[in-house]
file input-v3.txt (compact mmCIF, C-alpha atoms)
# COMPACT_ATOMS: atom_id res chain seq x y z
CA MET A 1 30.97 -41.82 -53.99
CA SER A 2 28.71 -40.84 -56.82
CA LYS A 3 28.58 -37.26 -58.08
CA LYS A 4 24.92 -37.02 -57.09
CA LYS A 5 25.66 -38.09 -53.50
CA LYS A 6 28.53 -35.60 -53.21
CA GLU A 7 26.27 -32.78 -54.38
CA LYS A 8 23.64 -33.82 -51.86
CA GLN A 9 26.20 -33.72 -49.04
CA LYS A 10 27.37 -30.26 -50.14
CA GLU A 11 23.77 -29.05 -50.09
CA ALA A 12 23.29 -30.40 -46.59
CA HIS A 13 26.25 -28.42 -45.26
CA LYS A 14 25.17 -25.17 -46.86
CA PRO A 15 23.67 -22.67 -44.41
CA GLU A 16 19.91 -22.19 -44.67
CA PRO A 17 19.31 -19.15 -46.89
CA SER A 18 16.32 -18.05 -44.84
CA ALA A 19 18.12 -18.22 -41.47
CA ALA A 20 18.97 -14.80 -40.01
CA PRO A 21 22.64 -14.16 -39.32
CA ALA A 22 23.52 -14.79 -35.65
CA GLU A 23 23.01 -11.60 -33.61
CA THR A 24 26.15 -10.43 -31.89
CA VAL A 25 25.31 -8.36 -28.84
CA ASP A 26 27.75 -5.84 -27.45
CA SER A 27 28.75 -6.94 -23.93
CA ARG A 28 27.94 -3.43 -22.68
CA TRP A 29 24.30 -3.99 -23.70
CA GLU A 30 24.36 -7.31 -21.90
CA ILE A 31 25.57 -5.61 -18.72
CA ALA A 32 22.92 -2.89 -19.13
CA GLY A 33 20.24 -5.54 -19.71
CA THR A 34 21.33 -7.43 -16.60
CA ALA A 35 21.32 -4.22 -14.53
CA ALA A 36 17.83 -3.39 -15.87
CA ARG A 37 16.61 -6.87 -14.97
CA VAL A 38 17.98 -6.66 -11.43
CA ILE A 39 16.59 -3.11 -10.89
CA VAL A 40 13.10 -4.09 -12.08
CA GLY A 41 13.26 -7.25 -9.97
CA LEU A 42 14.32 -5.37 -6.84
CA ILE A 43 11.52 -2.84 -7.32
CA PHE A 44 8.98 -5.65 -7.64
CA LEU A 45 10.44 -7.28 -4.53
CA VAL A 46 10.29 -4.09 -2.43
CA SER A 47 6.79 -3.33 -3.64
CA GLY A 48 5.53 -6.88 -3.09
CA ILE A 49 7.12 -7.22 0.36
CA GLN A 50 5.71 -3.84 1.48
CA LYS A 51 2.23 -4.97 0.44
CA SER A 52 2.58 -8.51 1.80
CA PHE A 53 3.60 -7.26 5.23
CA ALA A 54 0.66 -4.84 5.46
CA ALA A 55 -2.94 -5.93 5.78
CA PRO A 56 -4.46 -6.67 2.33
CA GLU A 57 -7.30 -4.30 3.25
CA GLU A 58 -4.81 -1.41 3.00
CA PHE A 59 -3.95 -2.19 -0.60
CA ALA A 60 -7.62 -2.96 -1.30
CA ALA A 61 -8.58 0.53 -0.12
CA ILE A 62 -6.14 2.04 -2.63
CA ILE A 63 -7.46 -0.16 -5.47
CA GLU A 64 -11.01 0.96 -4.59
CA GLN A 65 -10.06 4.51 -5.47
CA TYR A 66 -9.27 3.50 -9.07
CA GLN A 67 -12.92 2.45 -9.55
CA ILE A 68 -11.99 -0.17 -12.13
CA LEU A 69 -12.56 -3.54 -10.47
CA PRO A 70 -15.91 -4.80 -9.13
CA PRO A 71 -15.98 -4.27 -5.33
CA ASN A 72 -16.34 -7.99 -4.53
CA ARG A 73 -13.10 -8.80 -6.42
CA ILE A 74 -10.92 -6.09 -4.89
CA LEU A 75 -9.83 -7.88 -1.72
CA LEU A 76 -8.88 -11.03 -3.65
CA PHE A 77 -6.89 -8.93 -6.13
CA ALA A 78 -5.20 -7.06 -3.25
CA THR A 79 -4.22 -10.35 -1.64
CA VAL A 80 -2.88 -12.04 -4.78
CA ILE A 81 -1.01 -9.19 -6.49
CA PRO A 82 1.70 -8.76 -3.79
CA TRP A 83 2.54 -12.48 -3.97
CA ILE A 84 2.83 -12.31 -7.76
CA GLU A 85 5.07 -9.25 -7.41
CA VAL A 86 7.37 -11.05 -4.95
CA ALA A 87 7.61 -14.15 -7.19
CA LEU A 88 8.22 -12.00 -10.27
CA GLY A 89 10.82 -9.94 -8.42
CA LEU A 90 12.68 -13.07 -7.33
CA ALA A 91 12.55 -14.49 -10.88
CA MET A 92 13.95 -11.25 -12.30
CA VAL A 93 16.72 -10.84 -9.72
CA LEU A 94 17.77 -14.49 -9.85
CA GLY A 95 17.46 -14.70 -13.63
CA TYR A 96 14.79 -17.41 -13.86
CA CYS A 97 12.90 -17.67 -17.19
CA THR A 98 14.28 -14.20 -17.80
CA ARG A 99 12.49 -13.41 -21.05
CA THR A 100 9.09 -14.63 -19.83
CA ALA A 101 9.53 -12.79 -16.52
CA SER A 102 10.45 -9.60 -18.43
CA GLN A 103 7.36 -9.97 -20.61
CA ILE A 104 5.13 -10.42 -17.56
CA SER A 105 6.72 -7.41 -15.85
CA SER A 106 6.14 -5.33 -19.02
CA GLY A 107 2.51 -6.46 -18.92
CA PHE A 108 2.27 -5.36 -15.30
CA PHE A 109 3.66 -1.90 -16.05
CA MET A 110 1.31 -1.49 -19.00
CA MET A 111 -1.59 -2.46 -16.73
CA PHE A 112 -0.46 0.08 -14.11
CA LEU A 113 -0.09 2.79 -16.76
CA PHE A 114 -3.55 2.01 -18.12
CA ALA A 115 -5.08 2.18 -14.63
CA LEU A 116 -3.29 5.43 -13.74
CA GLY A 117 -4.08 7.00 -17.12
CA SER A 118 -7.75 6.11 -16.78
CA THR A 119 -7.95 7.84 -13.38
CA LEU A 120 -6.46 10.98 -14.93
CA LEU A 121 -8.99 10.86 -17.78
CA ARG A 122 -11.87 10.37 -15.34
CA GLY A 123 -10.66 13.19 -13.09
CA ILE A 124 -9.98 10.93 -10.09
CA THR A 125 -7.29 12.31 -7.80
CA LEU A 126 -5.25 9.70 -5.96
CA GLU A 127 -3.32 10.70 -2.86
CA ASN A 128 -1.34 7.49 -3.14
CA CYS A 129 -0.96 5.44 -6.31
CA GLY A 130 -0.56 2.26 -4.25
CA CYS A 131 2.56 1.24 -6.18
CA PHE A 132 4.25 0.36 -2.89
CA GLY A 133 1.06 -0.30 -0.92
CA GLY A 134 0.67 2.19 1.89
CA GLY A 135 4.46 2.58 2.17
CA ILE A 136 5.83 5.12 -0.30
CA HIS A 137 3.26 7.65 -1.49
CA LEU A 138 3.53 8.70 -5.16
CA THR A 139 1.13 10.92 -7.07
CA GLN A 140 -0.38 9.78 -10.38
CA GLY A 141 2.16 11.80 -12.39
CA GLN A 142 5.15 10.49 -10.46
CA ALA A 143 3.83 6.92 -10.68
CA MET A 144 3.28 7.18 -14.45
CA GLY A 145 6.83 8.48 -14.87
CA LEU A 146 8.24 5.62 -12.77
CA ASP A 147 6.15 2.99 -14.55
CA SER A 148 7.18 4.28 -17.99
CA LEU A 149 10.83 4.11 -16.96
CA LEU A 150 10.37 0.59 -15.57
CA LEU A 151 8.57 -0.47 -18.77
CA CYS A 152 11.64 0.63 -20.76
CA LEU A 153 13.91 -1.23 -18.33
CA SER A 154 11.74 -4.37 -18.68
CA TYR A 155 12.12 -4.17 -22.46
CA CYS A 156 15.87 -3.78 -22.03
CA ALA A 157 15.86 -6.82 -19.70
CA TYR A 158 13.83 -8.76 -22.28
CA ARG A 159 16.27 -7.96 -25.10
CA PHE A 160 19.61 -8.13 -23.30
CA GLY A 161 19.02 -9.38 -19.75
CA SER A 162 19.55 -13.11 -20.33
CA ALA A 163 23.34 -12.99 -20.53
CA TYR A 164 24.14 -13.13 -16.83
CA ALA A 165 21.05 -14.91 -15.53
CA PRO A 166 22.31 -17.30 -12.82
CA LEU A 167 19.28 -19.61 -12.62
CA ASP A 168 18.77 -19.82 -16.39
CA ALA A 169 22.49 -20.59 -16.79
CA TRP A 170 22.24 -23.34 -14.16
CA ILE A 171 19.16 -24.83 -15.84
CA GLN A 172 20.80 -24.86 -19.27
CA ARG A 173 24.21 -26.08 -18.03
CA GLU A 174 25.28 -29.45 -19.46
CA ALA A 175 25.08 -32.22 -16.88
CA MET B 1 17.70 -32.64 -16.84
CA ALA B 2 17.05 -29.00 -17.81
CA GLN B 3 13.34 -29.50 -17.23
CA GLN B 4 14.01 -30.95 -13.78
CA ARG B 5 16.24 -28.02 -12.83
CA SER B 6 13.66 -25.57 -14.14
CA LEU B 7 11.02 -27.18 -11.93
CA ILE B 8 13.32 -27.13 -8.90
CA ALA B 9 14.13 -23.43 -9.45
CA GLY B 10 10.45 -22.54 -9.96
CA PHE B 11 9.46 -24.45 -6.84
CA GLY B 12 12.23 -22.70 -4.87
CA ILE B 13 10.95 -19.28 -5.98
CA LEU B 14 7.39 -20.18 -4.97
CA LEU B 15 8.62 -21.46 -1.61
CA VAL B 16 10.53 -18.23 -0.88
CA THR B 17 7.48 -16.19 -1.98
CA ALA B 18 5.20 -18.15 0.35
CA SER B 19 7.71 -17.79 3.22
CA ILE B 20 7.81 -14.00 2.74
CA GLY B 21 4.01 -13.84 2.62
CA PHE B 22 3.53 -15.90 5.79
CA ALA B 23 6.35 -14.08 7.61
CA GLY B 24 4.55 -10.83 6.76
CA ARG B 25 1.36 -12.12 8.34
CA GLN B 26 3.26 -13.16 11.50
CA LEU B 27 4.96 -9.77 11.79
CA THR B 28 1.70 -7.85 11.54
CA PRO B 29 -0.55 -9.31 14.22
CA PRO B 30 -3.84 -7.61 15.14
CA PHE B 31 -3.07 -4.20 16.61
CA GLN B 32 -5.56 -2.36 18.78
CA PRO B 33 -3.69 -0.04 21.14
CA GLU B 34 -5.18 1.59 24.20
CA VAL B 35 -5.80 5.33 23.91
CA PRO B 36 -6.39 7.92 26.65
CA SER B 37 -9.96 7.72 27.99
CA TYR B 38 -10.85 11.18 26.65
CA ARG B 39 -10.24 9.85 23.14
CA SER B 40 -12.78 7.07 23.44
CA LYS B 41 -16.55 7.20 23.46
CA GLY B 42 -19.09 4.51 24.23
CA PRO B 43 -19.21 2.01 27.10
CA ALA B 44 -15.82 0.66 28.25
CA ASP B 45 -17.22 -2.91 28.28
CA ALA B 46 -18.87 -2.66 24.84
CA PRO B 47 -18.62 -5.91 22.84
CA ILE B 48 -17.26 -3.98 19.85
CA THR B 49 -14.28 -1.64 19.95
CA ILE B 50 -13.49 0.36 16.82
CA THR B 51 -10.08 1.99 16.91
CA GLU B 52 -9.88 4.73 14.33
CA PHE B 53 -6.36 5.64 13.10
CA SER B 54 -6.95 9.03 11.62
CA ASP B 55 -5.49 12.32 10.48
CA PHE B 56 -7.51 15.54 10.84
CA GLN B 57 -6.24 16.88 7.52
CA CYS B 58 -6.92 13.73 5.50
CA PRO B 59 -10.04 14.05 3.29
CA ALA B 60 -10.70 10.29 3.37
CA CYS B 61 -10.73 10.39 7.19
CA GLN B 62 -13.49 12.98 7.05
CA THR B 63 -15.68 10.50 5.14
CA VAL B 64 -15.75 7.97 8.02
CA VAL B 65 -16.89 10.45 10.69
CA GLY B 66 -20.56 10.23 9.63
CA PRO B 67 -20.65 6.42 9.18
CA LEU B 68 -19.01 5.92 12.59
CA GLN B 69 -21.62 8.10 14.26
CA GLN B 70 -24.36 6.17 12.44
CA ILE B 71 -22.90 2.84 13.54
CA GLN B 72 -22.94 3.99 17.16
CA LYS B 73 -26.59 4.98 16.77
CA LEU B 74 -27.43 1.71 15.00
CA TYR B 75 -26.06 -0.41 17.86
CA PRO B 76 -26.65 1.72 20.95
CA GLY B 77 -24.48 0.77 23.93
CA LYS B 78 -22.61 -1.88 21.97
CA ILE B 79 -19.90 0.14 20.26
CA ARG B 80 -16.87 1.90 21.73
CA ILE B 81 -14.92 4.18 19.39
CA ALA B 82 -11.30 5.01 20.18
CA PHE B 83 -9.24 7.56 18.26
CA SER B 84 -5.52 7.20 17.54
CA HIS B 85 -3.45 9.93 15.88
CA MET B 86 -1.82 9.35 12.49
CA PRO B 87 -0.88 12.86 11.29
CA TRP B 88 0.95 12.37 7.99
CA ASP B 89 4.11 14.40 7.37
CA PHE B 90 2.78 15.51 3.99
CA HIS B 91 -0.30 17.08 5.63
CA ARG B 92 1.23 20.33 6.77
CA TRP B 93 -1.14 21.17 9.62
CA ALA B 94 -2.22 17.68 10.67
CA ALA B 95 0.17 17.43 13.65
CA ASN B 96 -0.91 20.87 14.97
CA ALA B 97 -4.54 19.81 14.74
CA ALA B 98 -3.79 16.54 16.55
CA VAL B 99 -2.07 18.41 19.40
CA ALA B 100 -4.95 20.91 19.59
CA ALA B 101 -7.53 18.11 19.80
CA ASP B 102 -5.52 16.26 22.43
CA CYS B 103 -5.24 19.43 24.51
CA ALA B 104 -9.01 19.87 24.22
CA GLY B 105 -9.30 16.23 25.29
CA LYS B 106 -7.51 17.04 28.53
CA GLN B 107 -10.52 19.25 29.26
CA ASP B 108 -12.84 16.40 28.14
CA LYS B 109 -13.72 18.15 24.88
CA PHE B 110 -11.74 16.03 22.42
CA TRP B 111 -14.79 14.90 20.44
CA GLU B 112 -16.21 18.44 20.19
CA LEU B 113 -13.01 19.73 18.62
CA HIS B 114 -12.67 16.51 16.59
CA ASP B 115 -16.09 17.13 14.98
CA ILE B 116 -15.33 20.80 14.21
CA LEU B 117 -11.89 20.02 12.76
CA PHE B 118 -13.38 17.47 10.38
CA ALA B 119 -16.45 19.55 9.54
CA LYS B 120 -14.33 22.60 8.66
CA GLN B 121 -11.34 20.69 7.30
CA ARG B 122 -11.40 22.38 3.89
CA ALA B 123 -11.17 25.81 5.50
CA TRP B 124 -8.32 25.39 7.98
CA ALA B 125 -6.31 22.98 5.83
CA LEU B 126 -5.81 25.76 3.28
CA ALA B 127 -3.84 28.00 5.67
CA THR B 128 -0.69 29.25 4.01
CA ASP B 129 1.32 29.95 7.15
CA VAL B 130 1.56 28.63 10.67
CA GLU B 131 0.09 31.77 12.26
CA THR B 132 -3.08 31.55 10.16
CA ASN B 133 -3.37 27.87 10.98
CA LYS B 134 -2.99 28.51 14.72
CA ALA B 135 -5.52 31.35 14.57
CA ASP B 136 -8.06 29.11 12.77
CA ILE B 137 -7.72 26.31 15.30
CA LYS B 138 -7.82 28.76 18.21
CA LYS B 139 -11.17 30.07 16.93
CA PHE B 140 -12.57 26.51 16.98
CA ALA B 141 -11.19 25.98 20.50
CA GLU B 142 -12.86 29.18 21.70
CA SER B 143 -16.16 28.13 20.14
CA ILE B 144 -16.34 25.02 22.38
CA GLU B 145 -15.62 27.12 25.47
CA LEU B 146 -12.31 25.64 26.51
CA ASN B 147 -10.24 27.12 29.29
CA MET B 148 -8.00 28.96 26.85
CA ASP B 149 -5.10 29.52 29.26
CA ASP B 150 -4.78 25.81 29.96
CA TRP B 151 -5.30 24.95 26.29
CA ASN B 152 -2.65 27.47 25.14
CA ALA B 153 -0.19 26.18 27.73
CA CYS B 154 -0.86 22.63 26.56
CA ILE B 155 -0.42 23.27 22.82
CA ASN B 156 2.81 25.20 23.44
CA ASP B 157 4.24 22.43 25.61
CA PRO B 158 6.78 20.44 23.53
CA ALA B 159 5.68 17.29 25.38
CA SER B 160 2.25 17.49 23.68
CA ALA B 161 3.79 17.46 20.20
CA LYS B 162 6.19 14.70 21.23
CA ALA B 163 3.32 12.54 22.50
CA VAL B 164 1.59 12.81 19.10
CA ALA B 165 4.84 12.08 17.24
CA ASP B 166 5.49 9.04 19.45
CA GLU B 167 1.99 7.75 18.82
CA LEU B 168 2.46 8.16 15.07
CA LYS B 169 5.73 6.20 15.23
CA ARG B 170 4.17 3.42 17.33
CA ASN B 171 1.32 3.08 14.82
CA ARG B 172 3.66 3.08 11.84
CA ASP B 173 5.84 0.43 13.50
CA ALA B 174 2.72 -1.70 13.79
CA TRP B 175 2.26 -1.41 10.00
CA VAL B 176 -0.62 1.03 10.09
CA LYS B 177 0.14 2.63 6.76
CA SER B 178 -3.15 4.14 5.61
CA THR B 179 -5.69 6.52 7.00
CA PRO B 180 -8.40 6.05 7.95
CA THR B 181 -7.62 2.57 9.27
CA LEU B 182 -10.41 1.14 11.41
CA VAL B 183 -9.58 -1.81 13.60
CA ILE B 184 -12.80 -3.53 14.65
CA ASN B 185 -12.16 -6.08 17.40
CA GLY B 186 -8.68 -6.73 16.00
CA LYS B 187 -9.56 -6.82 12.29
CA ARG B 188 -8.48 -4.01 9.99
CA PHE B 189 -10.66 -2.14 7.54
CA ILE B 190 -9.54 0.83 5.50
CA GLY B 191 -11.74 3.70 4.43
CA SER B 192 -15.46 4.32 4.54
CA GLN B 193 -16.28 1.87 1.71
CA GLN B 194 -14.78 -1.08 3.61
CA LEU B 195 -16.30 0.16 6.88
CA ARG B 196 -19.79 0.29 5.36
CA THR B 197 -19.53 -3.12 3.70
CA LEU B 198 -17.02 -5.59 5.17
CA GLY B 199 -16.80 -3.67 8.46
CA LEU B 200 -20.54 -3.78 9.12
CA ASN B 201 -20.60 -7.51 8.35
CA HIS B 202 -17.76 -8.02 10.81
CA ILE B 203 -19.61 -6.01 13.49
CA GLU B 204 -22.74 -8.13 12.98
CA ASN B 205 -20.69 -11.34 13.24
CA GLU B 206 -18.85 -10.15 16.36
CA LEU B 207 -22.11 -9.10 18.02
CA ALA B 208 -23.67 -12.46 17.17
CA LYS B 209 -20.60 -14.21 18.63
CA ALA B 210 -20.93 -12.17 21.82
CA GLY B 211 -24.66 -12.87 21.93
CA ALA B 212 -25.33 -9.14 21.83
CA LEU B 213 -27.22 -8.88 18.55
call {"tool": "encode", "arguments": {"input": "input-v3.txt", "output": "C-alpha cells"}}
result
Amino acid sequence: MSKKKKEKQKEAHKPEPSAAPAETVDSRWEIAGTAARVIVGLIFLVSGIQKSFAAPEEFAAIIEQYQILPPNRILLFATVIPWIEVALGLAMVLGYCTRTASQISSGFFMMFLFALGSTLLRGITLENCGCFGGGIHLTQGQAMGLDSLLLCLSYCAYRFGSAYAPLDAWIQREA
Amino acid sequence: MAQQRSLIAGFGILLVTASIGFAGRQLTPPFQPEVPSYRSKGPADAPITITEFSDFQCPACQTVVGPLQQIQKLYPGKIRIAFSHMPWDFHRWAANAAVAADCAGKQDKFWELHDILFAKQRAWALATDVETNKADIKKFAESIELNMDDWNACINDPASAKAVADELKRNRDAWVKSTPTLVINGKRFIGSQQLRTLGLNHIENELAKAGAL
C-alpha cells in the first residue's frame, strides 16, 4: 500500500474535529425527564378527557371570556382542542415522538400563559381558567403557576425524556 | 421498518383519541330534567323548553335573566322556562339562596324571589356571616309577602337543603359543569353570549320545525 493511501485511510478514521463530544446524561436526569414526560402527558389526558366528555359549548363559554378569538371560531376551537390534548397526552405518556410532543406541549403552555397574561393585563377576571374545562376551577394566578411549572416539565421532558420512551424504543428497535 | 412502526403507533394514538371522544359524546346524552311545576313558567305544552341550570350567587347567571325574559316576550306562548339548581360549593351563600327560593316556590312565589335574588345579588352575596346572609334573604322574602311561618319552617327543614344538594349532584353527574347552562330542547348553550347568538338560532329552527314560527 502506498504511503499516500495509508495517510488517506488514517485521515478517514480520524474523528471529525467539528463534531461535538457525545453527551453523557446522568441516569437520574433520564428518570426525572421520563417522570416529567409522564406527568405532563397525564395532565393533558385528564384535561382533554374532561373537556371531551362535556359539551363543547361549556369550554366555548370559557374561551369567550378571554376575548381573544373571533366569536365564530370559538366553538370549532373548543371542539378541536380537547382532541389534540388527548392525542398529545397519549403521545407523551406512551413516549411517541417524544421530543416533538414535548415541543408541542411547550407551545401549548406558552399559548395558555399568553392568554392568561393578556386577561390580567386587560383587567378581565376569570372565575374559571378553563384548563380542565368546567371540571376543576382554577383562578388566573393558580393557572399561570401551574402552566409555568408544566412548561418547565415539558422542557425537562424534551431534554431528558426520551430515554425510557416505550413507543419510540419500539419504533427504533432493529427488526 | 421504523417508518412503518411509526405510522402504526401514530394511527393507534389517533384511534384511541377518537374512541375517547366518541365515548364522551355517548356518555353525555341530552339532559333536560323535569323540575317542580313552581320552578317553571310558560305553557306546559310550549314547543320550546329552556332549562336553566343556575346559581343565584353566580354573576354570569345574572346576565341571562334579562335575555330569558326578552325571549319569552319575543315568542309569546311558545317558550317554557324551567329552573334547576346548581349552587356551587365555592359560592358561600348560593345553597342558602337556592333553599330560600325553593321554599318561596312552595308558596308559588319562586320567580318573585328569583328575580329579587338576582337583582340584588351584589348586596347579599357580600355577607360576611351566615346570620347577615339569612337576615338579607329574609328581608327579600318579607317583601314578596310570603307566609313567613311556613317559609321559616321550610328553610330550617334539613330535607329542603338535602333536596337542593341532591339536585346539584344529579346535574353534575349528567356533566352539567358550568353555570348558567341553558338546555334548549335538548341542546346545551352556556352563558348569555351563546344564548343570544347560537341559542336564538336554535329556537328559531326548533319553532320552524314545530311549525310554530
call {"tool": "interface_residues", "arguments": {"input": "input-v3.txt", "of": "chain A", "to": "chain B", "cutoff": "6 Å", "atoms": "all atoms listed in the file", "output": "MDAnalysis selection string"}}
result
chainID A and resid 52:54 57:58 61 86:87 134 171:172
call {"tool": "closest_residue", "arguments": {"input": "input-v3.txt", "among": "B:Val99, B:Arg92, B:Ile50, B:Asn133", "to": "Val64 (chain B)", "atoms": "all atoms listed in the file"}}
result
B:Ile50
call {"tool": "closest_residue", "arguments": {"input": "input-v3.txt", "among": "B:Asn152, B:Gln57, B:Ser143, B:Ser160", "to": "Trp88 (chain B)", "atoms": "all atoms listed in the file"}}
result
B:Gln57
call {"tool": "atom_distance", "arguments": {"input": "input-v3.txt", "atom1": "CA of Gly48 (chain A)", "atom2": "CA of Ala101 (chain A)"}}
result
15.2 Å
call {"tool": "residues_near_point", "arguments": {"input": "input-v3.txt", "point": "(-2.6, 7.7, 9.6)", "cutoff": "6 Å", "atoms": "all atoms listed in the file", "output": "list in words"}}
result
Phe53, Ser54, Asp55, Met86, Pro87, Ser178 and Thr179 of chain B
call {"tool": "residues_around", "arguments": {"input": "input-v3.txt", "residues": "Thr119 (chain A)", "least_positions_apart": "3", "cutoff": "10 Å", "atoms": "only C-alpha atoms", "output": "list in words"}}
result
Gln65, Tyr66, Gln67, Ile68, Leu113, Phe114, Ala115, Leu116, Arg122, Gly123, Ile124, Thr125, Leu126 and Gln140 of chain A
call {"tool": "write_last_selection", "arguments": {"input": "input-v3.txt", "atoms": "C-alpha atoms", "output": "PDB file, keeping the file's coordinate frame"}}
result
ATOM      1  CA  GLN A  65     -10.060   4.510  -5.470  1.00  0.00           C
ATOM      2  CA  TYR A  66      -9.270   3.500  -9.070  1.00  0.00           C
ATOM      3  CA  GLN A  67     -12.920   2.450  -9.550  1.00  0.00           C
ATOM      4  CA  ILE A  68     -11.990  -0.170 -12.130  1.00  0.00           C
ATOM      5  CA  LEU A 113      -0.090   2.790 -16.760  1.00  0.00           C
ATOM      6  CA  PHE A 114      -3.550   2.010 -18.120  1.00  0.00           C
ATOM      7  CA  ALA A 115      -5.080   2.180 -14.630  1.00  0.00           C
ATOM      8  CA  LEU A 116      -3.290   5.430 -13.740  1.00  0.00           C
ATOM      9  CA  ARG A 122     -11.870  10.370 -15.340  1.00  0.00           C
ATOM     10  CA  GLY A 123     -10.660  13.190 -13.090  1.00  0.00           C
ATOM     11  CA  ILE A 124      -9.980  10.930 -10.090  1.00  0.00           C
ATOM     12  CA  THR A 125      -7.290  12.310  -7.800  1.00  0.00           C
ATOM     13  CA  LEU A 126      -5.250   9.700  -5.960  1.00  0.00           C
ATOM     14  CA  GLN A 140      -0.380   9.780 -10.380  1.00  0.00           C
TER      15      GLN A 140
END
call {"tool": "closest_residue", "arguments": {"input": "input-v3.txt", "among": "B:Ile203, B:Leu168, B:Ile155, B:Ala208", "to": "Ile48 (chain B)", "atoms": "all atoms listed in the file"}}
result
B:Ile203
call {"tool": "atom_distance", "arguments": {"input": "input-v3.txt", "atom1": "CA of Arg170 (chain B)", "atom2": "CA of Ile81 (chain A)"}}
result
27.4 Å
call {"tool": "atom_distance", "arguments": {"input": "input-v3.txt", "atom1": "CA of Arg39 (chain B)", "atom2": "CA of Glu64 (chain A)"}}
result
29.1 Å
call {"tool": "closest_residue", "arguments": {"input": "input-v3.txt", "among": "B:Gln69, B:Gln32, B:Ser84, B:Asn205", "to": "Val164 (chain B)", "atoms": "only C-alpha atoms"}}
result
B:Ser84
call {"tool": "residues_around", "arguments": {"input": "input-v3.txt", "residues": "Leu146 (chain A)", "least_positions_apart": "4", "cutoff": "12 Å", "atoms": "only C-alpha atoms", "output": "number ranges by chain"}}
result
A: 40, 43, 109-110, 112-113, 116, 129, 131-132, 138-142, 150-153
call {"tool": "write_last_selection", "arguments": {"input": "input-v3.txt", "atoms": "C-alpha atoms", "output": "PDB file, keeping the file's coordinate frame"}}
result
ATOM      1  CA  VAL A  40      13.100  -4.090 -12.080  1.00  0.00           C
ATOM      2  CA  ILE A  43      11.520  -2.840  -7.320  1.00  0.00           C
ATOM      3  CA  PHE A 109       3.660  -1.900 -16.050  1.00  0.00           C
ATOM      4  CA  MET A 110       1.310  -1.490 -19.000  1.00  0.00           C
ATOM      5  CA  PHE A 112      -0.460   0.080 -14.110  1.00  0.00           C
ATOM      6  CA  LEU A 113      -0.090   2.790 -16.760  1.00  0.00           C
ATOM      7  CA  LEU A 116      -3.290   5.430 -13.740  1.00  0.00           C
ATOM      8  CA  CYS A 129      -0.960   5.440  -6.310  1.00  0.00           C
ATOM      9  CA  CYS A 131       2.560   1.240  -6.180  1.00  0.00           C
ATOM     10  CA  PHE A 132       4.250   0.360  -2.890  1.00  0.00           C
ATOM     11  CA  LEU A 138       3.530   8.700  -5.160  1.00  0.00           C
ATOM     12  CA  THR A 139       1.130  10.920  -7.070  1.00  0.00           C
ATOM     13  CA  GLN A 140      -0.380   9.780 -10.380  1.00  0.00           C
ATOM     14  CA  GLY A 141       2.160  11.800 -12.390  1.00  0.00           C
ATOM     15  CA  GLN A 142       5.150  10.490 -10.460  1.00  0.00           C
ATOM     16  CA  LEU A 150      10.370   0.590 -15.570  1.00  0.00           C
ATOM     17  CA  LEU A 151       8.570  -0.470 -18.770  1.00  0.00           C
ATOM     18  CA  CYS A 152      11.640   0.630 -20.760  1.00  0.00           C
ATOM     19  CA  LEU A 153      13.910  -1.230 -18.330  1.00  0.00           C
TER      20      LEU A 153
END
call {"tool": "closest_residue", "arguments": {"input": "input-v3.txt", "among": "A:Ile39, A:Val80, A:Ala157, A:Ala169", "to": "Ser102 (chain A)", "atoms": "only C-alpha atoms"}}
result
A:Ala157
call {"tool": "residues_around", "arguments": {"input": "input-v3.txt", "residues": "Glu131 (chain B)", "least_positions_apart": "6", "cutoff": "12 Å", "atoms": "only C-alpha atoms", "output": "ChimeraX atom specification"}}
result
/B:93,96,124,137-138
call {"tool": "closest_residue", "arguments": {"input": "input-v3.txt", "among": "A:Pro166, A:Pro71, A:Gly107, A:Gly161", "to": "Asp147 (chain A)", "atoms": "only C-alpha atoms"}}
result
A:Gly107
call {"tool": "residues_near_point", "arguments": {"input": "input-v3.txt", "point": "(-7.5, 11.6, 25.8)", "cutoff": "8 Å", "atoms": "all atoms listed in the file", "output": "VMD selection string"}}
result
chain B and resid 35 to 40 102 105 to 106 108 110
call {"tool": "write_last_selection", "arguments": {"input": "input-v3.txt", "atoms": "C-alpha atoms", "output": "PDB file, in the coordinates of the input"}}
result
ATOM      1  CA  VAL B  35      -5.800   5.330  23.910  1.00  0.00           C
ATOM      2  CA  PRO B  36      -6.390   7.920  26.650  1.00  0.00           C
ATOM      3  CA  SER B  37      -9.960   7.720  27.990  1.00  0.00           C
ATOM      4  CA  TYR B  38     -10.850  11.180  26.650  1.00  0.00           C
ATOM      5  CA  ARG B  39     -10.240   9.850  23.140  1.00  0.00           C
ATOM      6  CA  SER B  40     -12.780   7.070  23.440  1.00  0.00           C
ATOM      7  CA  ASP B 102      -5.520  16.260  22.430  1.00  0.00           C
ATOM      8  CA  GLY B 105      -9.300  16.230  25.290  1.00  0.00           C
ATOM      9  CA  LYS B 106      -7.510  17.040  28.530  1.00  0.00           C
ATOM     10  CA  ASP B 108     -12.840  16.400  28.140  1.00  0.00           C
ATOM     11  CA  PHE B 110     -11.740  16.030  22.420  1.00  0.00           C
TER      12      PHE B 110
END
call {"tool": "residues_around", "arguments": {"input": "input-v3.txt", "residues": "Tyr164 (chain A)", "least_positions_apart": "4", "cutoff": "8 Å", "atoms": "only C-alpha atoms", "output": "compact mmCIF listing (two decimals) with C-alpha atoms, in the coordinates of the input"}}
result
# COMPACT_ATOMS: atom_id res chain seq x y z
CA GLU A 30 24.36 -7.31 -21.90
CA ILE A 31 25.57 -5.61 -18.72
CA THR A 34 21.33 -7.43 -16.60
CA GLY A 95 17.46 -14.70 -13.63
CA ALA A 169 22.49 -20.59 -16.79
